[in-house]
Amino acid sequence: MQQEMNNQSSNQMNHRNFQKELDRLLSKEDTLGKHLLLHSCCAPCSSYCLEYLSRYFTITVFYYNPNISLEEEYRYRVSEMERLLEETKEQRHYPVDFVEGRYDPKEFFELAKGMEELPEGGKRCYYCYEQRMRESVEYAAKIGADYYTTTLSISPYKNAKWINEIGERLAAEYGVTHLPSDFKKKNGYKRSIELSKEYDLYRQDYCGCIYSKLERERQQEQSGK
């Protein structure tokens with residue numbers, strides 16, 4: 001019976017249009033100016049999300065990404081996020097502030113034990129999404145945010161169904177409303193590329209963890225790049 005219920009829930013999630021759900025929510029004037037905790041994975045992905053969402057919400061950008069294995073890479077991505085926020089501050093309807101979470105790659109390596117050899121986009125990634133989103137919703141609850149969500153769904157390589165399933169499950173656990181998202185829709189991913197060029201943002205060619213970096217290097221090697 002429980003398995004049947006889980007399958008039914010999964011099928012329902014598969015058929016949902018998260019962008020349309022977000023559109024319906026944003027059409028309600030009572031959301032204007034509410035406080036949104038936005039988990040940021042990087043500046044390029046955040047560029048469109050901020051342009052879009054800052055028309056509706058007061059935003060705290062929360063940067064928590066222990067999956068970025070190399071500290072030099074991590075620090076550079078943080079600096080790009082801060083630069084983007086500084087250079088776009090005059091373009092927002094509602095205020096945006098920035099909080100950097102703790103950086104401890106051991107948290108990710110502990111999570112990934114036994115899943116090191118799995119391909120990108122598999123089970124390891126699911127638990128990585130959950131790790132980052134759990135820390136985000138905990139912080140959202142701490143500061144009394146009305147909503148929380150993540151920029152992760154803007155990537156065509158990220159599973160929006162997983163992201164929203166995790167988001168809703170954690171929302172029920174922590175009492176902070178999850179904002180549904182599939183930011184790649186409505187040309188969101190395309191717009192993020194345009195904004196990245198406009199602000200000369202560093203666009204990394206792998207997600208962040210050492211396993212995705214190695215997989216990307218193997219792909220480049222095989223393609224002769």
# chains A, B, ... in the order shown; residues from 1 in each chain; ligands from 1
call {"tool": "select_by_dssp", "arguments": {"residues": "chain A", "states": "helix (DSSP H, G or I)", "output": "MDAnalysis selection string"}}
result
chainID A and resid 2:14 18:26 29:31 43:53 71:87 89:91 105:112 123:143 151:154 160:174 188:198 210:222
call {"tool": "write_last_selection", "arguments": {"atoms": "C-alpha atoms", "output": "compact mmCIF listing (two decimals), in the first residue's frame"}}
result
# COMPACT_ATOMS: atom_id res chain seq x y z
CA GLN A 2 2.79 2.43 0.95
CA GLN A 3 4.63 1.64 -2.30
CA GLU A 4 1.46 2.33 -4.29
CA MET A 5 1.06 5.68 -2.52
CA ASN A 6 4.70 6.56 -3.25
CA ASN A 7 4.28 5.64 -6.93
CA GLN A 8 1.11 7.71 -7.16
CA SER A 9 2.85 10.71 -5.57
CA SER A 10 5.79 10.33 -7.99
CA ASN A 11 3.45 10.19 -11.00
CA GLN A 12 1.66 13.32 -9.85
CA MET A 13 5.01 15.12 -9.47
CA ASN A 14 5.98 14.05 -13.01
CA PHE A 18 6.20 24.01 -11.66
CA GLN A 19 6.63 27.19 -13.70
CA LYS A 20 2.86 27.54 -14.09
CA GLU A 21 2.45 26.98 -10.36
CA LEU A 22 4.95 29.75 -9.71
CA ASP A 23 3.16 32.05 -12.18
CA ARG A 24 -0.11 31.52 -10.34
CA LEU A 25 1.51 32.27 -6.99
CA LEU A 26 3.20 35.44 -8.28
CA GLU A 29 -0.63 40.62 -4.88
CA ASP A 30 -0.29 39.37 -1.30
CA THR A 31 3.12 37.88 -2.20
CA ALA A 43 26.36 33.67 -10.05
CA PRO A 44 25.37 32.67 -13.62
CA CYS A 45 22.39 30.62 -12.42
CA SER A 46 21.44 33.33 -9.94
CA SER A 47 21.53 36.13 -12.52
CA TYR A 48 18.19 35.36 -14.14
CA CYS A 49 16.57 34.16 -10.91
CA LEU A 50 17.36 37.48 -9.22
CA GLU A 51 16.25 39.54 -12.20
CA TYR A 52 12.97 37.63 -12.20
CA LEU A 53 12.21 37.20 -8.49
CA GLU A 71 38.65 25.92 -2.12
CA GLU A 72 40.12 28.18 -4.80
CA GLU A 73 37.17 27.38 -7.05
CA TYR A 74 34.75 27.96 -4.19
CA ARG A 75 36.21 31.37 -3.29
CA TYR A 76 36.14 32.50 -6.91
CA ARG A 77 32.48 31.53 -7.27
CA VAL A 78 31.61 33.42 -4.08
CA SER A 79 33.41 36.54 -5.32
CA GLU A 80 31.51 36.35 -8.62
CA MET A 81 28.22 36.12 -6.73
CA GLU A 82 29.10 39.18 -4.66
CA ARG A 83 30.19 41.09 -7.77
CA LEU A 84 26.93 40.30 -9.55
CA LEU A 85 24.91 41.56 -6.59
CA GLU A 86 26.92 44.78 -6.46
CA GLU A 87 26.68 45.47 -10.18
CA LYS A 89 21.82 46.52 -7.14
CA GLU A 90 20.24 49.50 -8.89
CA GLN A 91 18.01 47.30 -11.04
CA PRO A 105 33.72 20.11 1.95
CA LYS A 106 33.92 17.26 4.47
CA GLU A 107 30.15 17.55 4.79
CA PHE A 108 29.76 16.69 1.12
CA PHE A 109 32.40 13.94 1.09
CA GLU A 110 30.68 12.27 4.04
CA LEU A 111 27.38 12.44 2.16
CA ALA A 112 28.91 11.01 -1.03
CA LYS A 123 21.60 9.35 -6.75
CA ARG A 124 24.63 11.29 -5.46
CA CYS A 125 23.24 14.46 -7.02
CA TYR A 126 19.83 13.89 -5.40
CA TYR A 127 21.39 13.79 -1.94
CA CYS A 128 23.59 16.77 -2.78
CA TYR A 129 20.49 18.81 -3.69
CA GLU A 130 18.91 17.74 -0.42
CA GLN A 131 21.97 18.64 1.65
CA ARG A 132 22.11 22.16 0.26
CA MET A 133 18.36 22.71 0.42
CA ARG A 134 18.12 21.44 4.00
CA GLU A 135 20.74 23.92 5.16
CA SER A 136 18.88 26.62 3.25
CA VAL A 137 15.46 25.93 4.74
CA GLU A 138 17.00 25.73 8.22
CA TYR A 139 18.41 29.21 7.70
CA ALA A 140 15.12 30.42 6.21
CA ALA A 141 13.30 29.24 9.34
CA LYS A 142 15.91 30.89 11.54
CA ILE A 143 15.45 34.34 9.95
CA THR A 151 18.46 28.43 -8.25
CA LEU A 152 19.36 24.82 -9.08
CA SER A 153 16.35 24.21 -11.33
CA ILE A 154 17.57 26.72 -13.93
CA ALA A 160 13.43 19.90 -11.43
CA LYS A 161 11.10 17.15 -10.23
CA TRP A 162 13.63 16.04 -7.63
CA ILE A 163 14.32 19.61 -6.58
CA ASN A 164 10.64 20.40 -6.02
CA GLU A 165 9.96 17.07 -4.29
CA ILE A 166 12.80 17.76 -1.86
CA GLY A 167 11.69 21.35 -1.46
CA GLU A 168 8.14 20.43 -0.51
CA ARG A 169 9.20 17.66 1.84
CA LEU A 170 11.57 19.96 3.71
CA ALA A 171 8.97 22.73 3.77
CA ALA A 172 6.61 20.43 5.66
CA GLU A 173 9.41 19.57 8.06
CA TYR A 174 10.56 23.13 8.81
CA GLY A 188 15.30 31.35 -18.11
CA TYR A 189 18.44 29.38 -18.93
CA LYS A 190 18.92 31.34 -22.16
CA ARG A 191 18.52 34.60 -20.27
CA SER A 192 21.10 33.49 -17.69
CA ILE A 193 23.60 32.99 -20.52
CA GLU A 194 22.85 36.48 -21.85
CA LEU A 195 23.30 38.02 -18.41
CA SER A 196 26.51 36.08 -17.86
CA LYS A 197 27.90 37.61 -21.04
CA GLU A 198 26.64 41.07 -20.11
CA ILE A 210 35.44 16.66 -7.70
CA TYR A 211 33.44 13.78 -9.17
CA SER A 212 31.63 16.03 -11.65
CA LYS A 213 34.95 17.69 -12.49
CA LEU A 214 36.59 14.36 -13.26
CA GLU A 215 33.60 13.23 -15.33
CA ARG A 216 33.72 16.47 -17.31
CA GLU A 217 37.45 16.04 -17.94
CA ARG A 218 36.86 12.48 -19.20
CA GLN A 219 34.17 13.74 -21.56
CA GLN A 220 36.48 16.44 -22.90
CA GLU A 221 39.25 13.91 -23.37
CA GLN A 222 36.97 11.56 -25.28
call {"tool": "closest_residue", "arguments": {"among": "A:Tyr157, A:Gly224, A:Asn17, A:Met115", "to": "A:Asp205", "atoms": "only C-alpha atoms"}}
result
A:Tyr157
call {"tool": "select_by_dssp", "arguments": {"residues": "chain A", "states": "strand (DSSP E)", "output": "CSV table (one decimal) with N, CA, C and O atoms, in the first residue's frame"}}
result
chain,number,residue,atom,x,y,z
A,34,LYS,N,7.2,40.0,0.1
A,34,LYS,CA,7.4,39.0,1.1
A,34,LYS,C,8.9,38.5,1.1
A,34,LYS,O,9.6,38.7,0.1
A,35,HIS,N,9.4,37.9,2.1
A,35,HIS,CA,10.8,37.6,2.3
A,35,HIS,C,11.0,36.2,1.7
A,35,HIS,O,10.5,35.2,2.2
A,36,LEU,N,11.9,36.1,0.7
A,36,LEU,CA,12.3,34.9,0.1
A,36,LEU,C,13.8,34.6,0.4
A,36,LEU,O,14.7,35.4,0.2
A,37,LEU,N,14.0,33.4,0.9
A,37,LEU,CA,15.4,32.9,1.0
A,37,LEU,C,15.7,32.1,-0.3
A,37,LEU,O,15.1,31.1,-0.6
A,38,LEU,N,16.7,32.6,-1.0
A,38,LEU,CA,17.1,32.0,-2.3
A,38,LEU,C,18.4,31.3,-2.2
A,38,LEU,O,19.4,32.0,-2.1
A,39,HIS,N,18.4,30.0,-2.2
A,39,HIS,CA,19.7,29.3,-2.2
A,39,HIS,C,20.4,29.5,-3.6
A,39,HIS,O,19.8,29.3,-4.6
A,40,SER,N,21.6,30.0,-3.6
A,40,SER,CA,22.4,30.2,-4.8
A,40,SER,C,23.4,29.2,-5.0
A,40,SER,O,24.2,28.9,-4.1
A,57,PHE,N,9.8,39.8,-4.6
A,57,PHE,CA,10.2,39.5,-3.2
A,57,PHE,C,11.4,40.3,-2.7
A,57,PHE,O,12.2,40.7,-3.5
A,58,THR,N,11.4,40.5,-1.4
A,58,THR,CA,12.6,40.9,-0.7
A,58,THR,C,13.4,39.6,-0.6
A,58,THR,O,12.9,38.6,-0.1
A,59,ILE,N,14.7,39.6,-1.0
A,59,ILE,CA,15.4,38.4,-1.1
A,59,ILE,C,16.7,38.3,-0.2
A,59,ILE,O,17.4,39.3,-0.2
A,60,THR,N,16.9,37.2,0.4
A,60,THR,CA,18.2,36.9,1.0
A,60,THR,C,18.8,35.8,0.2
A,60,THR,O,18.2,34.7,0.1
A,61,VAL,N,19.9,36.1,-0.4
A,61,VAL,CA,20.7,35.1,-1.2
A,61,VAL,C,21.5,34.3,-0.2
A,61,VAL,O,22.4,34.9,0.5
A,62,PHE,N,21.4,33.0,-0.2
A,62,PHE,CA,22.1,32.2,0.7
A,62,PHE,C,23.0,31.3,-0.1
A,62,PHE,O,22.6,30.4,-0.8
A,63,TYR,N,24.3,31.4,0.1
A,63,TYR,CA,25.3,30.7,-0.6
A,63,TYR,C,25.9,29.6,0.2
A,63,TYR,O,26.7,29.8,1.1
A,96,VAL,N,17.8,43.1,-1.9
A,96,VAL,CA,18.5,41.8,-1.9
A,96,VAL,C,19.7,41.9,-1.0
A,96,VAL,O,20.5,42.8,-1.2
A,97,ASP,N,19.8,40.9,-0.1
A,97,ASP,CA,21.1,40.9,0.7
A,97,ASP,C,21.7,39.5,0.5
A,97,ASP,O,21.2,38.6,-0.1
A,98,PHE,N,22.9,39.4,1.0
A,98,PHE,CA,23.7,38.2,0.8
A,98,PHE,C,24.3,37.6,2.0
A,98,PHE,O,24.8,38.3,2.9
A,99,VAL,N,24.1,36.3,2.2
A,99,VAL,CA,24.7,35.6,3.3
A,99,VAL,C,25.5,34.4,2.8
A,99,VAL,O,24.9,33.6,2.0
A,100,GLU,N,26.7,34.3,3.2
A,100,GLU,CA,27.5,33.1,2.9
A,100,GLU,C,27.4,32.1,4.0
A,100,GLU,O,27.7,32.4,5.1
A,147,TYR,N,9.2,32.4,2.4
A,147,TYR,CA,9.4,31.4,1.3
A,147,TYR,C,10.9,31.0,1.2
A,147,TYR,O,11.8,31.8,1.6
A,148,TYR,N,11.1,29.8,0.6
A,148,TYR,CA,12.5,29.5,0.2
A,148,TYR,C,12.5,28.7,-1.1
A,148,TYR,O,11.5,28.1,-1.4
A,149,THR,N,13.6,28.8,-1.8
A,149,THR,CA,13.7,28.0,-3.0
A,149,THR,C,15.2,28.0,-3.4
A,149,THR,O,16.0,28.6,-2.7
A,150,THR,N,15.5,27.4,-4.5
A,150,THR,CA,16.9,27.3,-5.0
A,150,THR,C,17.0,27.6,-6.4
A,150,THR,O,16.1,27.4,-7.2
A,177,THR,N,7.3,27.9,3.6
A,177,THR,CA,6.7,27.5,2.3
A,177,THR,C,7.8,27.5,1.2
A,177,THR,O,8.6,28.4,1.0
A,178,HIS,N,7.7,26.4,0.5
A,178,HIS,CA,8.7,26.2,-0.7
A,178,HIS,C,8.1,26.9,-1.9
A,178,HIS,O,6.9,26.7,-2.2
call {"tool": "closest_residue", "arguments": {"among": "A:Gln204, A:Cys41, A:Lys186, A:Leu32", "to": "A:Gly101", "atoms": "only C-alpha atoms"}}
result
A:Cys41
